[in-house]
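**Student:** Here it is: the structure, laid out below.
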Amino acid sequence: MNWDDLRIIAAVRDEGTYAGASARLRIDETTVGRRLARIERALGLRLFEAADGVRTPTRQCEMVLAHVQAMAAHAEDIGRIGASLPGPVGRLRIASTNAVAEEVLAPRASEFLRANPGLTLQFLTSSDNVKFSRWEADLAIRLRKPDKGDFAISKLAEVRLYFFEPVAVGADEAVTCAYPDELEGIPEMQFLRARRVRSRCVTDNVRVIRTLIQSHQAAGVLPEYGSAALLADRRLRATLLPKRRDVWLLVQNHLKRDAATRVTIDWLRACFQDVARGA
């Protein structure tokens with residue numbers, strides 16, 4: 001059963017002729033007859049009797065129409081859902097690292113969603129990049145700029161980075177944390193290489209590095225978001241790196257002008273602006 005076909009039954013009943021149904025639905029009269037015949041074959045029923053040029057519904061047709069009318073009412077109710085909610089309506093999938101979702105987005109998500117009751121956000125968190133070509137996400141926050149892709153790319157923010165080291169432990173004694181070799185081009189790794197220290201803990205998980213630094217026995221580079229407690233810890237020395245980490249936003253091309261997407265992009269930018277202000 002096809003909803004467009006089922007609407008034809010109601011139109012023929014209301015107008016009494018194929019021509020009337022054709023004008024009402026703005027489709028060819030021959031199409032009305034062909035699709036109605038298809039429904040009758042599928043149901044094994046005769047839906048209309050022709051008398052004096054008028055199509056009269058059979059008893060079986062009236063039974064079918066009761067369900068069609070109920071479906072039409074539900075369709076109208078669905079259409080009113082968006083109109084009943086203030087602001088844009090939609091569901092968006094946002095891909096990011098765990099740290100960005102936990103430290104930047106999640107603390108600010110409740111207020112945003114309460115202000116936009118028509119929106120639903122789905123957070124996709126992973127160290128691996130989602131494949132936009134496979135429509136695995138609608139928006140993505142990347143810490144490295146993609147080389148190319150069939151999506152819109154823009155700089156979302158520049159994040160300050162700090163090198164944390166314990167005050168009471170010498171530089172040669174502290175366990176230095178580093179990121180994997182595949183991330184050698186990021187500012188964090190460039191800074192560590194310039195210091196020529198041996199990295200004895202390697203991970204791409206900033207929570208692991210932060211936990212080690214909090215032990216006051218380890219050193220490492222972390223982004224400003226999620227580092228408030230470390231910056232306030234007097235047993236740690238914090239050095240601001242000269243280079244910042246660029247954060248990039250990827251958006252599916254067909255969503256660039258979508259109202260829900262635009263509101264969400266503005267919110268994402270505001271989230272990182274809050275981080276930069278220390279809010």
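In the structure tokens, each chain is lettered A, B, ... as it comes, each chain's residues begin at 1, and ligands are numbered from 1 in order of appearance.
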Segment 142-150 of chain A: which residues within 7 Å, counting only C-alpha atoms, same-chain residues fewer than 5 positions away excluded, as a PyMOL selection string?
**Tutor:** chain A and resi 96+246-249
**Student:** Could you give me, as number ranges by chain, the residues within 8 Å of segment 57-71 of chain A, counting only C-alpha atoms and dropping anything in the same chain fewer than 2 positions from it?
**Tutor:** A: 6-7, 9-10, 13, 45-49, 55, 73-75
**Student:** Could you tell me how far atom CA of Arg210 of chain A sits from atom CA of Gln122 of chain A, in Å to one decimal place?
**Tutor:**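 If I compute the distance from atom CA of Gln122 of chain A to atom CA of Arg210 of chain A, I get 26.2 Å.
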**Student:** Run DSSP on the backbone and give me the residues of segment 21-134 of chain A it puts in strand (DSSP E or B), as an NGL selection string.
**Tutor:** :A and (48-51 or 54-57 or 90-96 or 119-125)
**Student:** Go through A:Cys201, A:Ala21, A:Val100, A:Leu36 and flag the residue nearest Val54 of chain A, using only C-alpha atoms for the distances.
**Tutor:**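 Among A:Cys201, A:Ala21, A:Val100, A:Leu36, it is A:Ala21 that comes nearest to Val54 of chain A.
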